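Trainee: Starting off with a structure, shown below.
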Amino acid sequence: MGEIVKMPQLGETVTEGTILRWLVSVGDVVKEDDPILEISTDKVDTEVPSPFAGEVTALLVEEGETVEVGVSLMELGGDGNSTSEKPKEEAEVVKENMSEKIPEVKIETTETSTQVTNNRDQKLSPIVRKLAKENNINLSQVSGTGKDNRITRKDIEKILDSGEVVKPQEKEVKNEISEPINSEEPKKATSGNIPRLRKRIAENMILSKQTSAHVMTSVEVDFENIATLRNKVKSEFKQKEGFSLTFLPFISVATTNALREYPVVNSSFDLENNVHEYHDFINLGIAVDLNREGLLVGTIKDSDSFNLRGLARKITEVSKQLRGKEYGLEDVTGSTFTISNNGSFNSFLTSPIINQPNVAILSTESIKKKPVVIESADGSDSIAIRNTGLLSLTWDHRVFDGSTALLFLNSIKDQLENHTWSEDLN
């Protein structure tokens, strides 16, 4: 028996992955660190390098299968008879039992229907089925280039890139009874498989609610001084940087400063193992909407090392990476605190779910003009129109209490309202 390549640990919270595509075949000779397969997790799709050198003697997992960390994937330098595979005798018994239970039915088929049957019998990856369904491609008319003529993702992408039209499969229509079309008939609900990203989000959200004692606290912030500064520099800033200066970088800088002041908010809490870890670094997570398909949290490592302009650049870069699907595992893991910019979708008040293993998450709400009472130095009051908005903090009550949450929020509020931000743009 040779070396066994196992499903790697692709992040501290990743427990399984789906085999998207094998990049090698039995008989190929690979070097150490050569890419051998593509794996999809809830965080990222990535190529996996070989930890050993040698000849591929067995592929132990089919494309499209989802396996847990530690499961054997491939054998190098062996005899091809890995113990993880079913013995031949067992396979024959299963085959015989199946043939006994399912009677043979003879069906006259055309060449097209035979192709449909063959393609349906293939173990196609979820990605291939999803792409074909979304683009209305009839798989019976696609020639596979993979192992055993299996249709691969590249085959589908080649069709899409060429603009070639593959007609959808025609359904058999029964003509025994002719009935008029009833335009009044109610529409039927459609159903389909839950996308993998949405499934992972659902699982992570439920896990977070079951893990942390969620509490939400809010403060109102006067953004008038920042709004005035933005209006003054926005044209010059966009011309120089190539993107607009939003409120988010200001909030992010104030947040990293507050995290240094209140390090318990920048910690991780493991009650089961009796560990409370205070991080000596600040990795800011920015929740990015992927065109309504789901959310990913991009990570800005050592975010407290950036000034206002630099952090604005990093936020823009991370957002483009995630939306363009040009990110690696390191870009979406390792955050110590998360910001969700719900205000960009005109929110008023949001109670976000904590991004584990963080102990808190900040929601930035929409900033709008409203009349507020201004108290002058002599104690007299006046009404003015100001740009204001809420900041909402969801925090884990197991880790700290409301006093800490409010001190943290008010530290951010004080910086946003009173700091001389024009100096930070130089």
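Chain labels run A, B, ... following the order of the structure tokens; each chain numbers its residues from 1, and ligands are numbered from 1 in the order shown.
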Would you give me, as a Markdown table, each residue of region 292-401 of chain A having an atom within 8 Å of an atom of region 29-43 of chain A, along with its shortest atom pair and that distance in Å to one decimal, using only C-alpha atoms and sorting by chain and residue number?
Mentor:
| residue | atom | partner | partner_atom | distance |
| --- | --- | --- | --- | --- |
| A:Leu296 | CA | A:Lys43 | CA | 7.8 |
| A:Leu329 | CA | A:Lys43 | CA | 6.8 |
| A:Val332 | CA | A:Lys43 | CA | 6.7 |
| A:Thr333 | CA | A:Lys43 | CA | 8.0 |
Trainee: Mind writing the picked residues with N, CA, C and O atoms as a compact mmCIF listing (two decimals), in the first residue's frame?
Mentor:
# COMPACT_ATOMS: atom_id res chain seq x y z
N LEU A 296 -20.61 36.59 2.25
CA LEU A 296 -19.32 36.11 2.69
C LEU A 296 -18.65 37.21 3.49
O LEU A 296 -18.84 38.40 3.22
N LEU A 329 -8.82 30.97 0.58
CA LEU A 329 -9.33 30.66 1.91
C LEU A 329 -8.88 31.68 2.93
O LEU A 329 -9.64 32.05 3.84
N VAL A 332 -11.15 34.79 3.55
CA VAL A 332 -12.49 34.69 4.15
C VAL A 332 -12.47 33.98 5.50
O VAL A 332 -13.50 33.52 5.98
N THR A 333 -11.30 33.89 6.10
CA THR A 333 -11.20 33.26 7.42
C THR A 333 -10.34 34.12 8.34
O THR A 333 -9.56 34.95 7.87
Trainee: Can you list, as a tab-separated table (two decimals) with C-alpha atoms, in the first residue's frame, every protein, DNA or RNA residue that comes within 7 Å of region 304-307 of chain A when you count only C-alpha atoms, leaving out same-chain residues fewer than 6 positions away?
Mentor:
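Here's the written file result-v1.tsv:
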chain	number	residue	atom	x	y	z
A	256	THR	CA	-10.58	49.27	15.33
A	282	ILE	CA	-7.32	42.98	15.00
A	424	ASP	CA	-6.59	61.27	8.26
Trainee: Name all residues at most 7 Å from Glu417 (chain A) (count only C-alpha atoms; drop same-chain ones fewer than 4 positions away) and give them as a JSON list (two decimals) with N, CA and C atoms, in the first residue's frame.
Mentor:
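Result file is part05.json:
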[["chain", "number", "residue", "atom", "x", "y", "z"],
["A", 222, "ASP", "N", -24.30, 61.26, 15.28],
["A", 222, "ASP", "CA", -24.40, 62.45, 14.44],
["A", 222, "ASP", "C", -23.24, 62.41, 13.44],
["A", 223, "PHE", "N", -23.54, 62.16, 12.17],
["A", 223, "PHE", "CA", -22.52, 62.05, 11.13],
["A", 223, "PHE", "C", -22.33, 63.36, 10.36],
["A", 225, "ASN", "N", -20.49, 66.10, 10.63],
["A", 225, "ASN", "CA", -19.13, 66.56, 10.31],
["A", 225, "ASN", "C", -18.49, 65.68, 9.23],
["A", 413, "LYS", "N", -18.94, 56.15, 18.67],
["A", 413, "LYS", "CA", -19.78, 57.34, 18.48],
["A", 413, "LYS", "C", -18.98, 58.62, 18.71]]
Trainee: Name the closest residue to Val253 (chain A) among the candidates A:Leu349, A:Ile315, A:Val44, A:Val275; distances are taken between atoms, counting only C-alpha atoms.
Mentor: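 Checking each candidate against Val253 (chain A), we get A:Ile315 as the closest.
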Trainee: Give me the residues near Leu308 (chain A) as a short mmCIF file (atom, residue, chain, number, x, y, z; two decimals) with N, CA and C atoms, in the first residue's frame, where near means some atom within 9 Å (using only C-alpha atoms) and where sequence neighbours in that chain fewer than 6 positions away do not count.
Mentor:
data_model
loop_
_atom_site.label_atom_id
_atom_site.label_comp_id
_atom_site.auth_asym_id
_atom_site.auth_seq_id
_atom_site.Cartn_x
_atom_site.Cartn_y
_atom_site.Cartn_z
N PRO A 249 -15.48 53.35 5.77
CA PRO A 249 -14.10 53.44 6.26
C PRO A 249 -13.97 54.24 7.55
N PHE A 250 -14.74 55.32 7.69
CA PHE A 250 -14.71 56.11 8.93
C PHE A 250 -15.14 55.23 10.11
N SER A 252 -15.10 52.00 10.26
CA SER A 252 -14.13 50.91 10.46
C SER A 252 -12.92 51.37 11.26
N VAL A 253 -12.41 52.57 10.96
CA VAL A 253 -11.27 53.11 11.72
C VAL A 253 -11.67 53.32 13.18
N TRP A 421 -11.29 64.34 11.16
CA TRP A 421 -11.07 63.32 10.14
C TRP A 421 -10.31 63.85 8.93
N ASP A 424 -6.80 62.67 8.61
CA ASP A 424 -6.59 61.27 8.26
C ASP A 424 -6.60 61.03 6.75
N LEU A 425 -7.08 61.99 5.99
CA LEU A 425 -7.13 61.83 4.53
C LEU A 425 -5.88 62.35 3.85
#
Trainee: Out of A:Gln239, A:Gln356, A:Ser363, A:Ser218, which residue has the shortest atom-to-atom distance to Ser344 (chain A) when counting only C-alpha atoms?
Mentor: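 With only C-alpha atoms as the atom set, the closest residue is A:Ser363.
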Trainee: CA of Leu311 (chain A) and CA of Thr404 (chain A), how far apart in Å?
Mentor: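 It comes out at 25.7 Å.
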Trainee: Given only C-alpha atoms as the basis, pick out the residue of A:Val61, A:Met205, A:Val265, A:Ala312 nearest to Phe243 (chain A).
Mentor: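 Nearest candidate to Phe243 (chain A) out of A:Val61, A:Met205, A:Val265, A:Ala312: A:Ala312.
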Trainee: Interatomic distance between CA of Val24 (chain A) and CA of Gln321 (chain A)?
Mentor: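 Spanning CA of Val24 (chain A) to CA of Gln321 (chain A) is a straight-line distance of 28.1 Å.
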Trainee: Could you give me, as an MDAnalysis selection string, the residues within 9 Å of region 7-11 of chain A, counting only C-alpha atoms and dropping anything in the same chain fewer than 5 positions from it?
Mentor: chainID A and resid 16:17 41 43 48 67:73 329:330 333:334
Trainee: I need the residues in region 327-394 of chain A that are helix (DSSP H, G or I) according to DSSP; give them as a PyMOL selection string.
Mentor: chain A and resi 329-331+342-345
Trainee: Write out, as a PDB file, in the first residue's frame, the residues just selected, with C-alpha atoms.
Mentor:
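Result saved to selection.pdb:
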ATOM      1  CA  LEU A 329      -9.329  30.657   1.906  1.00  0.00           C
ATOM      2  CA  GLU A 330      -7.121  33.149   3.760  1.00  0.00           C
ATOM      3  CA  ASP A 331      -9.314  35.994   2.447  1.00  0.00           C
ATOM      4  CA  ASN A 342     -26.749  47.080   6.164  1.00  0.00           C
ATOM      5  CA  GLY A 343     -27.108  50.837   5.737  1.00  0.00           C
ATOM      6  CA  SER A 344     -26.126  50.477   2.082  1.00  0.00           C
ATOM      7  CA  PHE A 345     -29.533  48.803   1.606  1.00  0.00           C
TER       8      PHE A 345
END
Trainee: If we count only C-alpha atoms, what is near Lys325 (chain A) at a cut-off of 10 Å, once residues fewer than 3 positions away on the same chain are taken out, given as a list of chain:residue names?
Mentor: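 So the residues in contact are A:Val44, A:Asp45, A:Leu290, A:Ser319, A:Lys320, A:Gln321, A:Leu322, A:Gly328.
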Trainee: Can you work out which one of A:Arg200, A:Ser303, A:Asn193, A:Thr316 has the shortest atom-to-atom distance to Leu245 (chain A), counting only C-alpha atoms?
Mentor: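 Among the listed residues, the smallest separation from Leu245 (chain A) belongs to A:Thr316.
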Trainee: Name all residues at most 10 Å from Ile4 (chain A) (count only C-alpha atoms; drop same-chain ones fewer than 6 positions away) and give them as a VMD selection string.
Mentor: chain A and resid 51 to 52 58 60 71 to 78 82
Trainee: Of the residues A:Leu248, A:Val359, A:Ala384, A:Ala132, which is the one nearest to His279 (chain A), using only C-alpha atoms?
Mentor: A:Val359
Trainee: By how many Å are CA of Ile137 (chain A) and CA of Ala189 (chain A) apart?
Mentor: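 Taking CA of Ile137 (chain A) and CA of Ala189 (chain A), their separation equals 22.0 Å.
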